[in-house]
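Worksheet for the structure shown next.
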Amino acid sequence: MKSIIAQELVKTYDKGAVKALDGLSLEVEEGTVLGLLGPNGAGKTTTVRVLATLLTPDSGSATVAGIDVLKHPDEVRKIIGLSGQYAALDETLTGWDNLTMFGRLYHLNSAASKKRAEELLEKFSLTDAAKRPIRTYSGGMRRRLDLAASLIVKPKVLFLDEPTTGLDPRGRMEMWDVIDELVKGGVTLLLTTQYLEEADHLADSIAVIDTGKVIARGTADELKNQVGGERLEITVEVDQIAAATKLVELVSGTTPTVDSGIRRISAPVSNGSASLIQVLRLLDDAKIHPLDIGLKRPSLDDVFISLTGHVAEVISEEVVGGKNAAKRK
Amino acid sequence: MLQSVSDFLVITKRQLLQMIRIPEVLIFATIQPAMFVLLFRYVFGGAIDSGVDGGYVQLLMPGIFVQTVAFTLAATAVGLAADMQKGLIDRFRSLPISRSAVVIGRTVGDTLQNVVTLVVMGLVGFLVGWRPSSGPVKIFLGFLFLLAFGYSMSWIGVLIGLSVREERVAQNLVFMTVFPLTFLSNAFAPTTGMPKVLQYFAEWNPVSTMVAACRELFGTENIFGATANSWPSQNPILMSLIYMILLVAIFAPISVRKYVRVSK
């Protein structure tokens, strides 16, 4: 069964001048994780906002757990959890205050909301910080609490809008662990991210979006293959370029790209690490000592260049989410 | 219905909790009006020949009370703008709660803060010679009137807060509008000294009718108003009531609509 269905969503701003969503459609199977991958300004947040009943699209339709988002938003609100990229909590209150408040707003009674707050604080390793105001929390702690607040009523469908943007690597790892745990519990999750690696790690399938449309979908592996998989890159001294290129060609089976300016030879390889070892052996036998050698995994930029033919336009999310949005109605 | 009441009470409780968690805010909100009482009492009090029993402070206190509750508009606007900016309003809007709960909860919460502020100011006023002479019932009614006025002003604040979305902008905007409104009135000085046009404005200004109404309820002759003998200055209590009803009738529905459609 499809847990989330969006059909032909269109949302424009400034009287049609800015198209945030341009006929976006997607489906998420119940109990699976869809990663919505795209650069800033692609329409990820707008999509989440429409599905979470915060924003009415100009046209198109959507259902969440079989409920029409536009016709019965109140019913949808009862079964979804939303956690945004800005931790939406009351910073002056403590973690405990926040969770019990949201519990009450989900219409748990006083005792139940306290019990749930306790459980969630425990689950997200925040028990020690429960009585401290949120403004004293680290970025990672805030995100965890924000996520906890979206899980109060054990939602059927969860929306996480860039859950790790702005976190340091450790915070990101912690957040991944928490999300992994949730997914094992069987929740349907729609997750937006700018990081291919994150979508790769967390999502069952990925939809790549650009300028308000889904431009590709598939599993992480399928997408990577579309991009061309891994590339072997080596840098050598100028007088060794010719010899090294021959070796790389031998291993990769294709004609390598040579950038003599930066003395770099690169070629796509199918079985990454094995090719790397093979090339290293051959280079060693030929007494060529590379200045740098490595495998380059496809990045979001690579996905974008290959899918759209243009570099992912980097617009600061602050501008997209804040200033422009301030002009929006 | 019952559910909606409980929803807005949760939001109101949130604000009371904020007062406990960051007492500085409340302390500042009380010190400022108390400071105004002292400054006006001792700076202008000596210079202005009030001509009423008990001196300038009897005229001053209703003026400062009204000025303070008029600024509820600012508290509401700034508070909601901050919630907008932080995305908290988005989270509230994603919850299965009544569409008016957040804004009603906010206006009620801000009014409860006024209770604390008014008590502190009343005490400071008493210390510097304010002696309301109308008896307990009328004095109580006077304070009730002040709270009601603050509450109706709060609804303008809702609309401003949800519209500007940024704390700092909200702050500048409300101070630029509320300050002139409270000074272009009979709150601190007679309106007779103003140019004719301003006199008319001052007499129809809700701040003036409120100040006049409170002077009446606290038992002081309103010698700072009624110079142009306009209807509002003749019937300050009735006119103030009309203003309050108008404010809520106009701004409450618009503000709730704004909340439902607002989108960061």
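Residue names in the structure tokens use chain letters A, B, ... in the order shown, residue numbers from 1 in each chain, and ligand numbers from 1 in the order shown.
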
TODO: May I have the residues within 10 Å of Gly46 (chain B) as an MDAnalysis selection string, using only C-alpha atoms and disregarding those fewer than 6 positions away in the same chain?
DONE: chainID B and resid 40 55:56

- [ ] Would you give me, as a ChimeraX atom specification, the residues of chain A that come within 9 Å of chain B, using only C-alpha atoms?
- [x] /A:52-56,73-84,86-90,92-94,97-98,101-102,104-107,133,150,321-322,325-326,328-329

Open item on the list: Give me the residues near Val128 (chain B) as a PyMOL selection string, where near means some atom within 8 Å (using only C-alpha atoms) and where sequence neighbours in that chain fewer than 5 positions away do not count.
Closed with: chain B and resi 38+41+57

Task: From B:Met35, B:Ile156, B:Leu246, B:Ile139, residue lying nearest Phe218 (chain B) [only C-alpha atoms] - done: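 Counting only C-alpha atoms, the residue closest to Phe218 (chain B) is B:Ile139.
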
- [ ] Name all residues at most 7 Å from region 270-282 of chain A (count only C-alpha atoms; drop same-chain ones fewer than 5 positions away) and give them as number ranges by chain.
- [x] A: 229-230, 247-248, 251, 295

Print the selection's residues with N, CA and C atoms to a file, as a PDB file, in the first residue's frame.
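The result, stored in part12.pdb:
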ATOM      1  N   GLY A 229      29.123   5.470 -11.446  1.00  0.00           N
ATOM      2  CA  GLY A 229      29.848   4.755 -10.401  1.00  0.00           C
ATOM      3  C   GLY A 229      31.124   5.457  -9.977  1.00  0.00           C
ATOM      4  N   GLU A 230      32.065   4.667  -9.478  1.00  0.00           N
ATOM      5  CA  GLU A 230      33.290   5.247  -8.939  1.00  0.00           C
ATOM      6  C   GLU A 230      34.301   5.554 -10.039  1.00  0.00           C
ATOM      7  N   LEU A 247      48.696   2.249 -17.916  1.00  0.00           N
ATOM      8  CA  LEU A 247      48.349   1.301 -16.858  1.00  0.00           C
ATOM      9  C   LEU A 247      46.887   1.439 -16.429  1.00  0.00           C
ATOM     10  N   VAL A 248      46.463   2.695 -16.298  1.00  0.00           N
ATOM     11  CA  VAL A 248      45.069   2.941 -15.881  1.00  0.00           C
ATOM     12  C   VAL A 248      44.113   2.387 -16.939  1.00  0.00           C
ATOM     13  N   VAL A 251      43.726  -1.338 -16.612  1.00  0.00           N
ATOM     14  CA  VAL A 251      42.887  -1.775 -15.482  1.00  0.00           C
ATOM     15  C   VAL A 251      41.418  -1.436 -15.705  1.00  0.00           C
ATOM     16  N   LEU A 295      39.976   6.670  -4.975  1.00  0.00           N
ATOM     17  CA  LEU A 295      38.713   6.413  -5.647  1.00  0.00           C
ATOM     18  C   LEU A 295      37.787   7.559  -5.315  1.00  0.00           C
TER      19      LEU A 295
END

TODO: Determine, counting only C-alpha atoms, which protein, DNA and RNA residues have an atom within 8 Å of an atom of Pro190 (chain B); residues of the same chain fewer than 6 positions away are not included. Present the result as a ChimeraX atom specification.
DONE: /B:223-225

Written selection (N, CA and C atoms) as a PDB file, in the first residue's frame:
ATOM      1  N   ILE B 223      -8.901  66.600  34.327  1.00  0.00           N
ATOM      2  CA  ILE B 223      -8.739  67.974  33.842  1.00  0.00           C
ATOM      3  C   ILE B 223      -7.785  68.072  32.646  1.00  0.00           C
ATOM      4  N   PHE B 224      -7.217  66.922  32.220  1.00  0.00           N
ATOM      5  CA  PHE B 224      -6.310  66.950  31.063  1.00  0.00           C
ATOM      6  C   PHE B 224      -7.040  66.715  29.745  1.00  0.00           C
ATOM      7  N   GLY B 225      -8.359  66.465  29.817  1.00  0.00           N
ATOM      8  CA  GLY B 225      -9.051  66.155  28.570  1.00  0.00           C
ATOM      9  C   GLY B 225     -10.218  67.088  28.414  1.00  0.00           C
TER      10      GLY B 225
END

TODO: Give me every alpha helix (DSSP H) residue in region 20-198 of chain B, going by DSSP on the backbone, as a ChimeraX atom specification.
DONE: /B:20-21,23-39,56-70,72-86,88-93,101-127,136-164,167-183,196-198

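Distance-wise, CA of Thr192 (chain B) and CA of Trp204 (chain B) end up 14.0 Å apart.
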
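Among the candidate residues B:Tyr200, B:Ile31, B:Ile104, B:Met61, the one lying nearest to Val5 (chain B) is B:Ile104, with distances computed using only C-alpha atoms.
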